[in-house]
$ cat target22.txt   # compact mmCIF, N, CA and C atoms
# COMPACT_ATOMS: atom_id res chain seq x y z
N MET A 1 -8.21 59.14 21.91
CA MET A 1 -7.70 57.85 22.33
C MET A 1 -8.75 56.74 22.14
N LYS A 2 -10.03 57.05 22.41
CA LYS A 2 -11.07 56.05 22.25
C LYS A 2 -11.20 55.64 20.79
N ARG A 3 -11.05 56.60 19.90
CA ARG A 3 -11.19 56.31 18.47
C ARG A 3 -10.09 55.33 18.02
N ARG A 4 -8.88 55.53 18.49
CA ARG A 4 -7.77 54.64 18.12
C ARG A 4 -8.03 53.21 18.61
N GLY A 5 -8.57 53.06 19.80
CA GLY A 5 -8.89 51.74 20.34
C GLY A 5 -9.95 51.05 19.51
N ARG A 6 -10.97 51.79 19.09
CA ARG A 6 -12.02 51.22 18.25
C ARG A 6 -11.47 50.82 16.89
N THR A 7 -10.55 51.60 16.38
CA THR A 7 -9.95 51.28 15.08
C THR A 7 -9.18 49.97 15.17
N TRP A 8 -8.40 49.79 16.22
CA TRP A 8 -7.65 48.54 16.38
C TRP A 8 -8.57 47.36 16.61
N ALA A 9 -9.66 47.57 17.32
CA ALA A 9 -10.64 46.49 17.52
C ALA A 9 -11.25 46.09 16.18
N LEU A 10 -11.57 47.06 15.36
CA LEU A 10 -12.12 46.78 14.04
C LEU A 10 -11.10 46.04 13.17
N VAL A 11 -9.86 46.45 13.23
CA VAL A 11 -8.80 45.77 12.48
C VAL A 11 -8.70 44.32 12.93
N GLY A 12 -8.78 44.08 14.23
CA GLY A 12 -8.72 42.72 14.75
C GLY A 12 -9.89 41.87 14.28
N VAL A 13 -11.09 42.43 14.30
CA VAL A 13 -12.27 41.70 13.85
C VAL A 13 -12.18 41.37 12.36
N VAL A 14 -11.76 42.35 11.57
CA VAL A 14 -11.62 42.14 10.13
C VAL A 14 -10.53 41.09 9.86
N GLY A 15 -9.44 41.16 10.57
CA GLY A 15 -8.35 40.18 10.40
C GLY A 15 -8.81 38.77 10.75
N ALA A 16 -9.52 38.62 11.86
CA ALA A 16 -10.03 37.31 12.25
C ALA A 16 -11.02 36.79 11.22
N GLY A 17 -11.87 37.68 10.73
CA GLY A 17 -12.84 37.28 9.70
C GLY A 17 -12.15 36.83 8.42
N ALA A 18 -11.09 37.52 8.04
CA ALA A 18 -10.33 37.15 6.84
C ALA A 18 -9.67 35.79 7.02
N ALA A 19 -9.12 35.53 8.21
CA ALA A 19 -8.49 34.25 8.48
C ALA A 19 -9.51 33.12 8.42
N LEU A 20 -10.67 33.32 9.01
CA LEU A 20 -11.73 32.31 8.95
C LEU A 20 -12.20 32.07 7.52
N ALA A 21 -12.33 33.12 6.76
CA ALA A 21 -12.74 32.99 5.36
C ALA A 21 -11.70 32.20 4.56
N ALA A 22 -10.43 32.45 4.82
CA ALA A 22 -9.36 31.74 4.11
C ALA A 22 -9.43 30.24 4.41
N VAL A 23 -9.68 29.88 5.67
CA VAL A 23 -9.82 28.47 6.03
C VAL A 23 -11.07 27.89 5.39
N ALA A 24 -12.18 28.59 5.46
CA ALA A 24 -13.45 28.10 4.92
C ALA A 24 -13.35 27.86 3.42
N LEU A 25 -12.60 28.67 2.70
CA LEU A 25 -12.48 28.51 1.25
C LEU A 25 -11.68 27.26 0.87
N GLN A 26 -10.87 26.74 1.78
CA GLN A 26 -10.07 25.56 1.49
C GLN A 26 -10.82 24.26 1.75
N VAL A 27 -11.93 24.32 2.45
CA VAL A 27 -12.68 23.12 2.81
C VAL A 27 -13.50 22.68 1.60
N ASP A 28 -13.31 21.43 1.17
CA ASP A 28 -14.03 20.89 0.02
C ASP A 28 -15.36 20.26 0.40
N ASP A 29 -15.38 19.56 1.52
CA ASP A 29 -16.56 18.77 1.90
C ASP A 29 -16.77 18.93 3.41
N TRP A 30 -17.67 19.83 3.79
CA TRP A 30 -17.87 20.13 5.21
C TRP A 30 -18.29 18.90 6.01
N ARG A 31 -19.09 18.00 5.42
CA ARG A 31 -19.51 16.80 6.17
C ARG A 31 -18.29 15.94 6.52
N ARG A 32 -17.38 15.76 5.58
CA ARG A 32 -16.19 14.95 5.81
C ARG A 32 -15.16 15.68 6.66
N ASP A 33 -14.92 16.94 6.33
CA ASP A 33 -13.77 17.65 6.88
C ASP A 33 -13.92 18.08 8.34
N LEU A 34 -15.12 18.09 8.87
CA LEU A 34 -15.32 18.42 10.29
C LEU A 34 -15.25 17.20 11.19
N THR A 35 -15.37 16.01 10.61
CA THR A 35 -15.45 14.80 11.43
C THR A 35 -14.40 13.76 11.11
N THR A 36 -13.57 13.98 10.12
CA THR A 36 -12.58 12.99 9.71
C THR A 36 -11.20 13.62 9.74
N ASN A 37 -10.24 12.90 10.33
CA ASN A 37 -8.89 13.46 10.41
C ASN A 37 -7.86 12.59 9.69
N HIS A 38 -8.32 11.89 8.65
CA HIS A 38 -7.39 11.10 7.85
C HIS A 38 -7.93 10.97 6.42
N ALA A 39 -7.04 10.61 5.51
CA ALA A 39 -7.44 10.37 4.12
C ALA A 39 -6.50 9.32 3.54
N ARG A 40 -7.00 8.59 2.55
CA ARG A 40 -6.16 7.58 1.89
C ARG A 40 -6.57 7.46 0.44
N THR A 41 -5.63 6.95 -0.34
CA THR A 41 -5.94 6.71 -1.74
C THR A 41 -6.90 5.53 -1.83
N ALA A 42 -7.72 5.53 -2.88
CA ALA A 42 -8.66 4.44 -3.11
C ALA A 42 -8.85 4.30 -4.62
N PRO A 43 -8.94 3.06 -5.12
CA PRO A 43 -9.04 2.85 -6.56
C PRO A 43 -10.22 3.57 -7.23
N HIS A 44 -11.31 3.72 -6.52
CA HIS A 44 -12.50 4.33 -7.11
C HIS A 44 -12.83 5.68 -6.48
N ALA A 45 -11.81 6.39 -5.99
CA ALA A 45 -12.03 7.70 -5.38
C ALA A 45 -12.67 8.64 -6.40
N THR A 46 -13.63 9.44 -5.93
CA THR A 46 -14.29 10.38 -6.84
C THR A 46 -13.30 11.43 -7.35
N ASP A 47 -12.34 11.80 -6.55
CA ASP A 47 -11.28 12.71 -6.97
C ASP A 47 -10.15 11.84 -7.55
N SER A 48 -9.95 11.90 -8.84
CA SER A 48 -8.96 11.04 -9.50
C SER A 48 -7.54 11.26 -8.96
N ARG A 49 -7.30 12.42 -8.36
CA ARG A 49 -5.97 12.70 -7.80
C ARG A 49 -5.71 11.91 -6.52
N LEU A 50 -6.77 11.27 -5.99
CA LEU A 50 -6.63 10.47 -4.76
C LEU A 50 -6.70 8.96 -5.06
N ARG A 51 -6.41 8.60 -6.29
CA ARG A 51 -6.35 7.19 -6.66
C ARG A 51 -4.90 6.71 -6.63
N PRO A 52 -4.68 5.42 -6.33
CA PRO A 52 -3.31 4.89 -6.33
C PRO A 52 -2.65 5.06 -7.70
N LEU A 53 -1.33 5.17 -7.68
CA LEU A 53 -0.55 5.29 -8.92
C LEU A 53 -0.03 3.91 -9.30
N ARG A 54 0.03 3.65 -10.59
CA ARG A 54 0.62 2.41 -11.11
C ARG A 54 1.84 2.79 -11.92
N THR A 55 2.90 2.00 -11.78
CA THR A 55 4.13 2.27 -12.52
C THR A 55 4.87 0.96 -12.79
N THR A 56 5.68 0.98 -13.82
CA THR A 56 6.53 -0.19 -14.11
C THR A 56 7.91 -0.02 -13.51
N LEU A 57 8.19 1.13 -12.93
CA LEU A 57 9.47 1.34 -12.24
C LEU A 57 9.52 0.44 -11.01
N ASP A 58 10.72 0.00 -10.63
CA ASP A 58 10.84 -0.87 -9.47
C ASP A 58 10.61 -0.10 -8.16
N ALA A 59 10.34 -0.82 -7.09
CA ALA A 59 9.98 -0.23 -5.81
C ALA A 59 11.05 0.71 -5.26
N SER A 60 12.32 0.33 -5.38
CA SER A 60 13.40 1.17 -4.85
C SER A 60 13.47 2.51 -5.58
N THR A 61 13.28 2.48 -6.90
CA THR A 61 13.30 3.72 -7.68
C THR A 61 12.13 4.61 -7.31
N VAL A 62 10.95 4.01 -7.18
CA VAL A 62 9.76 4.79 -6.81
C VAL A 62 9.94 5.38 -5.42
N ALA A 63 10.43 4.59 -4.47
CA ALA A 63 10.64 5.09 -3.11
C ALA A 63 11.64 6.25 -3.11
N ALA A 64 12.70 6.14 -3.90
CA ALA A 64 13.68 7.22 -4.00
C ALA A 64 13.03 8.49 -4.55
N ARG A 65 12.13 8.33 -5.50
CA ARG A 65 11.44 9.50 -6.05
C ARG A 65 10.46 10.09 -5.05
N VAL A 66 9.83 9.25 -4.24
CA VAL A 66 8.96 9.77 -3.17
C VAL A 66 9.79 10.62 -2.22
N GLU A 67 10.96 10.14 -1.85
CA GLU A 67 11.85 10.90 -0.97
C GLU A 67 12.27 12.23 -1.61
N GLU A 68 12.64 12.19 -2.88
CA GLU A 68 13.04 13.41 -3.59
C GLU A 68 11.91 14.43 -3.60
N VAL A 69 10.71 13.95 -3.91
CA VAL A 69 9.55 14.84 -3.98
C VAL A 69 9.29 15.45 -2.61
N ALA A 70 9.29 14.63 -1.57
CA ALA A 70 9.01 15.13 -0.22
C ALA A 70 10.04 16.18 0.20
N ARG A 71 11.29 15.94 -0.13
CA ARG A 71 12.34 16.90 0.24
C ARG A 71 12.23 18.20 -0.55
N SER A 72 11.61 18.14 -1.72
CA SER A 72 11.49 19.35 -2.54
C SER A 72 10.27 20.19 -2.17
N LEU A 73 9.32 19.61 -1.45
CA LEU A 73 8.10 20.34 -1.09
C LEU A 73 8.29 21.06 0.25
N PRO A 74 7.74 22.26 0.38
CA PRO A 74 7.87 22.98 1.66
C PRO A 74 7.09 22.28 2.77
N ARG A 75 7.68 22.23 3.95
CA ARG A 75 7.07 21.70 5.16
C ARG A 75 6.90 20.18 5.15
N TRP A 76 7.60 19.47 4.27
CA TRP A 76 7.58 18.01 4.24
C TRP A 76 8.92 17.49 4.74
N GLU A 77 8.87 16.34 5.41
CA GLU A 77 10.09 15.75 5.96
C GLU A 77 10.02 14.23 5.83
N VAL A 78 11.12 13.62 5.43
CA VAL A 78 11.20 12.16 5.37
C VAL A 78 11.55 11.66 6.77
N VAL A 79 10.73 10.76 7.30
CA VAL A 79 10.94 10.25 8.65
C VAL A 79 11.66 8.90 8.61
N ALA A 80 11.21 7.99 7.72
CA ALA A 80 11.81 6.66 7.65
C ALA A 80 11.48 6.01 6.32
N VAL A 81 12.35 5.08 5.93
CA VAL A 81 12.10 4.24 4.76
C VAL A 81 12.30 2.80 5.21
N GLU A 82 11.28 1.98 4.99
CA GLU A 82 11.32 0.59 5.43
C GLU A 82 11.16 -0.32 4.22
N ARG A 83 12.13 -1.20 4.04
CA ARG A 83 12.08 -2.15 2.93
C ARG A 83 11.75 -3.54 3.48
N ASP A 84 10.90 -4.25 2.75
CA ASP A 84 10.59 -5.63 3.11
C ASP A 84 10.36 -6.39 1.81
N PRO A 85 10.23 -7.71 1.86
CA PRO A 85 10.07 -8.49 0.63
C PRO A 85 8.84 -8.09 -0.20
N GLY A 86 7.84 -7.49 0.44
CA GLY A 86 6.63 -7.11 -0.27
C GLY A 86 6.63 -5.70 -0.83
N GLY A 87 7.73 -4.96 -0.68
CA GLY A 87 7.77 -3.61 -1.22
C GLY A 87 8.51 -2.65 -0.31
N VAL A 88 8.15 -1.38 -0.41
CA VAL A 88 8.81 -0.34 0.36
C VAL A 88 7.76 0.59 0.97
N THR A 89 7.98 0.99 2.21
CA THR A 89 7.11 1.96 2.88
C THR A 89 7.95 3.19 3.20
N VAL A 90 7.43 4.36 2.79
CA VAL A 90 8.12 5.62 3.09
C VAL A 90 7.23 6.40 4.05
N ARG A 91 7.78 6.74 5.21
CA ARG A 91 7.04 7.50 6.22
C ARG A 91 7.48 8.96 6.16
N LEU A 92 6.49 9.84 6.06
CA LEU A 92 6.75 11.27 5.93
C LEU A 92 5.98 12.03 7.00
N MET A 93 6.36 13.28 7.18
CA MET A 93 5.63 14.18 8.07
C MET A 93 5.47 15.51 7.36
N ARG A 94 4.26 16.05 7.43
CA ARG A 94 4.01 17.37 6.85
C ARG A 94 3.52 18.28 7.96
N THR A 95 4.08 19.47 8.04
CA THR A 95 3.69 20.44 9.06
C THR A 95 2.85 21.53 8.40
N THR A 96 1.69 21.81 8.98
CA THR A 96 0.83 22.84 8.39
C THR A 96 1.47 24.21 8.58
N ARG A 97 1.12 25.11 7.70
CA ARG A 97 1.75 26.42 7.67
C ARG A 97 1.40 27.27 8.88
N LEU A 98 0.13 27.43 9.14
CA LEU A 98 -0.30 28.42 10.12
C LEU A 98 -0.13 27.96 11.57
N LEU A 99 -0.76 26.86 11.93
CA LEU A 99 -0.73 26.42 13.33
C LEU A 99 0.32 25.36 13.63
N ARG A 100 1.10 24.98 12.60
CA ARG A 100 2.21 24.04 12.77
C ARG A 100 1.77 22.65 13.24
N PHE A 101 0.55 22.24 12.87
CA PHE A 101 0.11 20.87 13.16
C PHE A 101 0.92 19.91 12.30
N ARG A 102 1.14 18.71 12.82
CA ARG A 102 1.90 17.71 12.08
C ARG A 102 0.98 16.56 11.66
N ASP A 103 1.10 16.21 10.39
CA ASP A 103 0.34 15.09 9.85
C ASP A 103 1.33 14.01 9.43
N ASP A 104 0.99 12.76 9.73
CA ASP A 104 1.82 11.62 9.34
C ASP A 104 1.31 11.08 8.02
N VAL A 105 2.21 10.95 7.06
CA VAL A 105 1.86 10.45 5.73
C VAL A 105 2.67 9.19 5.48
N THR A 106 1.98 8.13 5.07
CA THR A 106 2.63 6.86 4.76
C THR A 106 2.40 6.53 3.30
N VAL A 107 3.48 6.27 2.59
CA VAL A 107 3.41 5.89 1.18
C VAL A 107 3.91 4.46 1.07
N ARG A 108 3.12 3.61 0.43
CA ARG A 108 3.48 2.20 0.28
C ARG A 108 3.62 1.88 -1.20
N VAL A 109 4.74 1.27 -1.57
CA VAL A 109 4.98 0.81 -2.93
C VAL A 109 4.97 -0.71 -2.88
N ALA A 110 3.99 -1.34 -3.54
CA ALA A 110 3.82 -2.79 -3.46
C ALA A 110 3.57 -3.37 -4.86
N PRO A 111 3.96 -4.63 -5.06
CA PRO A 111 3.77 -5.24 -6.38
C PRO A 111 2.29 -5.51 -6.65
N SER A 112 1.95 -5.43 -7.95
CA SER A 112 0.60 -5.77 -8.40
C SER A 112 0.72 -6.29 -9.83
N GLY A 113 0.79 -7.59 -9.95
CA GLY A 113 1.01 -8.17 -11.27
C GLY A 113 2.40 -7.80 -11.78
N SER A 114 2.46 -7.26 -12.98
CA SER A 114 3.75 -6.88 -13.56
C SER A 114 4.12 -5.43 -13.26
N ALA A 115 3.32 -4.75 -12.45
CA ALA A 115 3.57 -3.34 -12.13
C ALA A 115 3.72 -3.16 -10.62
N TRP A 116 3.93 -1.92 -10.24
CA TRP A 116 3.98 -1.54 -8.82
C TRP A 116 2.88 -0.53 -8.57
N VAL A 117 2.26 -0.63 -7.42
CA VAL A 117 1.18 0.29 -7.07
C VAL A 117 1.64 1.14 -5.88
N VAL A 118 1.39 2.44 -6.00
CA VAL A 118 1.74 3.39 -4.95
C VAL A 118 0.45 3.83 -4.28
N THR A 119 0.32 3.50 -3.00
CA THR A 119 -0.83 3.95 -2.21
C THR A 119 -0.31 4.89 -1.12
N ALA A 120 -1.20 5.72 -0.60
CA ALA A 120 -0.77 6.67 0.43
C ALA A 120 -1.90 6.94 1.41
N GLU A 121 -1.50 7.30 2.61
CA GLU A 121 -2.45 7.66 3.66
C GLU A 121 -1.88 8.84 4.43
N SER A 122 -2.74 9.79 4.79
CA SER A 122 -2.34 10.94 5.58
C SER A 122 -3.24 10.99 6.80
N ARG A 123 -2.65 11.18 7.98
CA ARG A 123 -3.40 11.15 9.23
C ARG A 123 -2.94 12.27 10.14
N SER A 124 -3.90 13.03 10.66
CA SER A 124 -3.59 14.10 11.61
C SER A 124 -3.24 13.49 12.97
N ARG A 125 -2.34 14.14 13.67
CA ARG A 125 -1.98 13.66 15.00
C ARG A 125 -2.98 14.12 16.06
N VAL A 126 -3.62 15.25 15.84
CA VAL A 126 -4.58 15.79 16.81
C VAL A 126 -5.86 16.20 16.10
N GLY A 127 -6.93 16.27 16.85
CA GLY A 127 -8.19 16.80 16.33
C GLY A 127 -9.11 15.74 15.78
N ARG A 128 -10.38 16.09 15.72
CA ARG A 128 -11.42 15.21 15.19
C ARG A 128 -11.60 15.40 13.69
N GLY A 129 -11.45 16.61 13.23
CA GLY A 129 -11.60 16.94 11.82
C GLY A 129 -10.33 17.61 11.33
N ASP A 130 -10.09 17.53 10.03
CA ASP A 130 -8.86 18.10 9.50
C ASP A 130 -9.09 19.29 8.56
N LEU A 131 -10.35 19.70 8.40
CA LEU A 131 -10.70 20.79 7.48
C LEU A 131 -10.15 20.55 6.08
N GLY A 132 -10.04 19.27 5.71
CA GLY A 132 -9.59 18.91 4.37
C GLY A 132 -8.09 18.87 4.18
N GLN A 133 -7.31 19.03 5.25
CA GLN A 133 -5.86 19.08 5.11
C GLN A 133 -5.27 17.75 4.64
N ASN A 134 -5.76 16.62 5.15
CA ASN A 134 -5.17 15.34 4.75
C ASN A 134 -5.39 15.02 3.27
N PRO A 135 -6.58 15.24 2.71
CA PRO A 135 -6.69 15.06 1.26
C PRO A 135 -5.79 16.03 0.49
N ARG A 136 -5.66 17.26 0.98
CA ARG A 136 -4.75 18.22 0.32
C ARG A 136 -3.31 17.72 0.38
N ASN A 137 -2.91 17.13 1.51
CA ASN A 137 -1.57 16.55 1.62
C ASN A 137 -1.34 15.52 0.52
N LEU A 138 -2.31 14.62 0.36
CA LEU A 138 -2.15 13.55 -0.63
C LEU A 138 -2.15 14.11 -2.05
N ARG A 139 -3.01 15.06 -2.33
CA ARG A 139 -3.04 15.65 -3.67
C ARG A 139 -1.71 16.34 -3.99
N GLU A 140 -1.15 17.06 -2.99
CA GLU A 140 0.12 17.74 -3.20
C GLU A 140 1.24 16.74 -3.46
N LEU A 141 1.35 15.74 -2.62
CA LEU A 141 2.42 14.75 -2.74
C LEU A 141 2.28 13.92 -4.00
N LEU A 142 1.09 13.37 -4.23
CA LEU A 142 0.91 12.49 -5.38
C LEU A 142 0.98 13.25 -6.70
N GLY A 143 0.53 14.50 -6.72
CA GLY A 143 0.65 15.31 -7.93
C GLY A 143 2.11 15.51 -8.30
N ALA A 144 2.92 15.86 -7.31
CA ALA A 144 4.36 16.05 -7.57
C ALA A 144 5.02 14.72 -7.93
N LEU A 145 4.59 13.63 -7.29
CA LEU A 145 5.16 12.32 -7.59
C LEU A 145 4.79 11.88 -9.01
N ARG A 146 3.55 12.11 -9.42
CA ARG A 146 3.15 11.79 -10.81
C ARG A 146 4.07 12.47 -11.80
N ASP A 147 4.30 13.77 -11.59
CA ASP A 147 5.19 14.52 -12.47
C ASP A 147 6.60 13.91 -12.47
N ARG A 148 7.07 13.53 -11.32
CA ARG A 148 8.43 12.99 -11.18
C ARG A 148 8.54 11.60 -11.81
N LEU A 149 7.49 10.79 -11.73
CA LEU A 149 7.53 9.44 -12.31
C LEU A 149 7.46 9.48 -13.83
N GLU A 150 6.86 10.52 -14.37
CA GLU A 150 6.70 10.63 -15.82
C GLU A 150 7.97 11.10 -16.52
N ARG A 151 8.95 11.57 -15.78
CA ARG A 151 10.21 12.04 -16.39
C ARG A 151 11.06 10.89 -16.85

$ encode --input "target22.txt" --output "structure tokens"
Amino acid sequence: MKRRGRTWALVGVVGAGAALAAVALQVDDWRRDLTTNHARTAPHATDSRLRPLRTTLDASTVAARVEEVARSLPRWEVVAVERDPGGVTVRLMRTTRLLRFRDDVTVRVAPSGSAWVVTAESRSRVGRGDLGQNPRNLRELLGALRDRLER
């Protein structure tokens, strides 16, 4: 009986270690990811996938594609779409897989000269650090949106 208990304890330790390793492998920047719980697109972002998108499609079409993309991705939900004279804002929510944390993602489509610019921000509802989840949210959403806009 003692041997069986030790075996289960070992299985638990190995399982916990594997879970921690899986999380650690997803973290891109430990300095940022332990102390920051939000991310946003920026014109000069070092990661080109986190730069705003430019398109000649009108704001309503782009917003509709943002909604389509969000609905097609697992654990994403469209919360609201707000139209104003300066463009369109699409509010989304993404739920993390393991612990079911919810992140609020805001996508803004605004005019810029003869084109439209798509910017986005992802913000965790809880915690001081996001372990890189918010930048991953933006990369996932904007990557799928880029593909959808190019069709």

$ closest_residue --input "target22.txt" --among "A:Arg49, A:Thr55, A:Ala42, A:Arg6" --to "Gly143 in chain A" --atoms "all atoms listed in the file"
A:Arg49

$ atom_distance --input "target22.txt" --atom1 "CA of Thr95 in chain A" --atom2 "CA of Arg128 in chain A"
17.1 Å

$ atom_distance --input "target22.txt" --atom1 "atom N of Val118 in chain A" --atom2 "atom N of Arg54 in chain A"
4.9 Å

$ atom_distance --input "target22.txt" --atom1 "CA of Thr106 in chain A" --atom2 "CA of Ala59 in chain A"
14.7 Å

$ residues_around --input "target22.txt" --residues "Thr89 in chain A" --least-positions-apart "4" --cutoff "12 Å" --atoms "only C-alpha atoms" --output "PDB file with N, CA and C atoms, keeping the file's coordinate frame"
ATOM      1  N   ALA A  59      10.340  -0.820  -7.090  1.00  0.00           N
ATOM      2  CA  ALA A  59       9.980  -0.230  -5.810  1.00  0.00           C
ATOM      3  C   ALA A  59      11.050   0.710  -5.260  1.00  0.00           C
ATOM      4  N   SER A  60      12.320   0.330  -5.380  1.00  0.00           N
ATOM      5  CA  SER A  60      13.400   1.170  -4.850  1.00  0.00           C
ATOM      6  C   SER A  60      13.470   2.510  -5.580  1.00  0.00           C
ATOM      7  N   VAL A  62      10.950   4.010  -7.180  1.00  0.00           N
ATOM      8  CA  VAL A  62       9.760   4.790  -6.810  1.00  0.00           C
ATOM      9  C   VAL A  62       9.940   5.380  -5.420  1.00  0.00           C
ATOM     10  N   ALA A  63      10.430   4.590  -4.470  1.00  0.00           N
ATOM     11  CA  ALA A  63      10.640   5.090  -3.110  1.00  0.00           C
ATOM     12  C   ALA A  63      11.640   6.250  -3.110  1.00  0.00           C
ATOM     13  N   ALA A  64      12.700   6.140  -3.900  1.00  0.00           N
ATOM     14  CA  ALA A  64      13.680   7.220  -4.000  1.00  0.00           C
ATOM     15  C   ALA A  64      13.030   8.490  -4.550  1.00  0.00           C
ATOM     16  N   VAL A  66       9.830   9.250  -4.240  1.00  0.00           N
ATOM     17  CA  VAL A  66       8.960   9.770  -3.170  1.00  0.00           C
ATOM     18  C   VAL A  66       9.790  10.620  -2.220  1.00  0.00           C
ATOM     19  N   GLU A  67      10.960  10.140  -1.850  1.00  0.00           N
ATOM     20  CA  GLU A  67      11.850  10.900  -0.970  1.00  0.00           C
ATOM     21  C   GLU A  67      12.270  12.230  -1.610  1.00  0.00           C
ATOM     22  N   VAL A  78      11.120  13.620   5.430  1.00  0.00           N
ATOM     23  CA  VAL A  78      11.200  12.160   5.370  1.00  0.00           C
ATOM     24  C   VAL A  78      11.550  11.660   6.770  1.00  0.00           C
ATOM     25  N   VAL A  79      10.730  10.760   7.300  1.00  0.00           N
ATOM     26  CA  VAL A  79      10.940  10.250   8.650  1.00  0.00           C
ATOM     27  C   VAL A  79      11.660   8.900   8.610  1.00  0.00           C
ATOM     28  N   ALA A  80      11.210   7.990   7.720  1.00  0.00           N
ATOM     29  CA  ALA A  80      11.810   6.660   7.650  1.00  0.00           C
ATOM     30  C   ALA A  80      11.480   6.010   6.320  1.00  0.00           C
ATOM     31  N   VAL A  81      12.350   5.080   5.930  1.00  0.00           N
ATOM     32  CA  VAL A  81      12.100   4.240   4.760  1.00  0.00           C
ATOM     33  C   VAL A  81      12.300   2.800   5.210  1.00  0.00           C
ATOM     34  N   GLU A  82      11.280   1.980   4.990  1.00  0.00           N
ATOM     35  CA  GLU A  82      11.320   0.590   5.430  1.00  0.00           C
ATOM     36  C   GLU A  82      11.160  -0.320   4.220  1.00  0.00           C
ATOM     37  N   ARG A  83      12.130  -1.200   4.040  1.00  0.00           N
ATOM     38  CA  ARG A  83      12.080  -2.150   2.930  1.00  0.00           C
ATOM     39  C   ARG A  83      11.750  -3.540   3.480  1.00  0.00           C
ATOM     40  N   ASP A  84      10.900  -4.250   2.750  1.00  0.00           N
ATOM     41  CA  ASP A  84      10.590  -5.630   3.110  1.00  0.00           C
ATOM     42  C   ASP A  84      10.360  -6.390   1.810  1.00  0.00           C
ATOM     43  N   PRO A  85      10.230  -7.710   1.860  1.00  0.00           N
ATOM     44  CA  PRO A  85      10.070  -8.490   0.630  1.00  0.00           C
ATOM     45  C   PRO A  85       8.840  -8.090  -0.200  1.00  0.00           C
ATOM     46  N   VAL A 105       2.210  10.950   7.060  1.00  0.00           N
ATOM     47  CA  VAL A 105       1.860  10.450   5.730  1.00  0.00           C
ATOM     48  C   VAL A 105       2.670   9.190   5.480  1.00  0.00           C
ATOM     49  N   THR A 106       1.980   8.130   5.070  1.00  0.00           N
ATOM     50  CA  THR A 106       2.630   6.860   4.760  1.00  0.00           C
ATOM     51  C   THR A 106       2.400   6.530   3.300  1.00  0.00           C
ATOM     52  N   VAL A 107       3.480   6.270   2.590  1.00  0.00           N
ATOM     53  CA  VAL A 107       3.410   5.890   1.180  1.00  0.00           C
ATOM     54  C   VAL A 107       3.910   4.460   1.070  1.00  0.00           C
ATOM     55  N   ARG A 108       3.120   3.610   0.430  1.00  0.00           N
ATOM     56  CA  ARG A 108       3.480   2.200   0.280  1.00  0.00           C
ATOM     57  C   ARG A 108       3.620   1.880  -1.200  1.00  0.00           C
ATOM     58  N   VAL A 109       4.740   1.270  -1.570  1.00  0.00           N
ATOM     59  CA  VAL A 109       4.980   0.810  -2.930  1.00  0.00           C
ATOM     60  C   VAL A 109       4.970  -0.710  -2.880  1.00  0.00           C
ATOM     61  N   ALA A 110       3.990  -1.340  -3.540  1.00  0.00           N
ATOM     62  CA  ALA A 110       3.820  -2.790  -3.460  1.00  0.00           C
ATOM     63  C   ALA A 110       3.570  -3.370  -4.860  1.00  0.00           C
ATOM     64  N   VAL A 117       2.260  -0.630  -7.420  1.00  0.00           N
ATOM     65  CA  VAL A 117       1.180   0.290  -7.070  1.00  0.00           C
ATOM     66  C   VAL A 117       1.640   1.140  -5.880  1.00  0.00           C
ATOM     67  N   VAL A 118       1.390   2.440  -6.000  1.00  0.00           N
ATOM     68  CA  VAL A 118       1.740   3.390  -4.950  1.00  0.00           C
ATOM     69  C   VAL A 118       0.450   3.830  -4.280  1.00  0.00           C
ATOM     70  N   THR A 119       0.320   3.500  -3.000  1.00  0.00           N
ATOM     71  CA  THR A 119      -0.830   3.950  -2.210  1.00  0.00           C
ATOM     72  C   THR A 119      -0.310   4.890  -1.120  1.00  0.00           C
ATOM     73  N   ALA A 120      -1.200   5.720  -0.600  1.00  0.00           N
ATOM     74  CA  ALA A 120      -0.770   6.670   0.430  1.00  0.00           C
ATOM     75  C   ALA A 120      -1.900   6.940   1.410  1.00  0.00           C
ATOM     76  N   GLU A 121      -1.500   7.300   2.610  1.00  0.00           N
ATOM     77  CA  GLU A 121      -2.450   7.660   3.660  1.00  0.00           C
ATOM     78  C   GLU A 121      -1.880   8.840   4.430  1.00  0.00           C
TER      79      GLU A 121
END

$ residues_near_point --input "target22.txt" --point "(-7.6, 10.1, 11.7)" --cutoff "7 Å" --atoms "all atoms listed in the file" --output "ChimeraX atom specification"
/A:36-39,122-125,128

$ residues_around --input "target22.txt" --residues "Leu50 in chain A" --least-positions-apart "2" --cutoff "6.5 Å" --atoms "all atoms listed in the file" --output "PyMOL selection string"
chain A and resi 40-43+45+47-48+52+138-139

$ closest_residue --input "target22.txt" --among "A:Leu145, A:Leu98, A:Val69, A:Leu53" --to "Gln133 in chain A" --atoms "only C-alpha atoms"
A:Leu98

$ select_by_dssp --input "target22.txt" --residues "range 75-147 of chain A" --states "strand (DSSP E or B)" --output "ChimeraX atom specification"
/A:76-84,87-95,102-112,115-124

$ select_by_dssp --input "target22.txt" --residues "range 2-118 of chain A" --states "helix (DSSP H, G or I)" --output "number ranges by chain"
A: 2-26, 30-33, 48-50, 59-72

$ axis_aligned_box --input "target22.txt" --around "range 110-122 of chain A" --padding-each-side "6 Å" --output "lines of an AutoDock Vina configuration file"
center_x = 0.4
center_y = 1.4
center_z = -3.4
size_x = 19.4
size_y = 31.2
size_z = 32.4
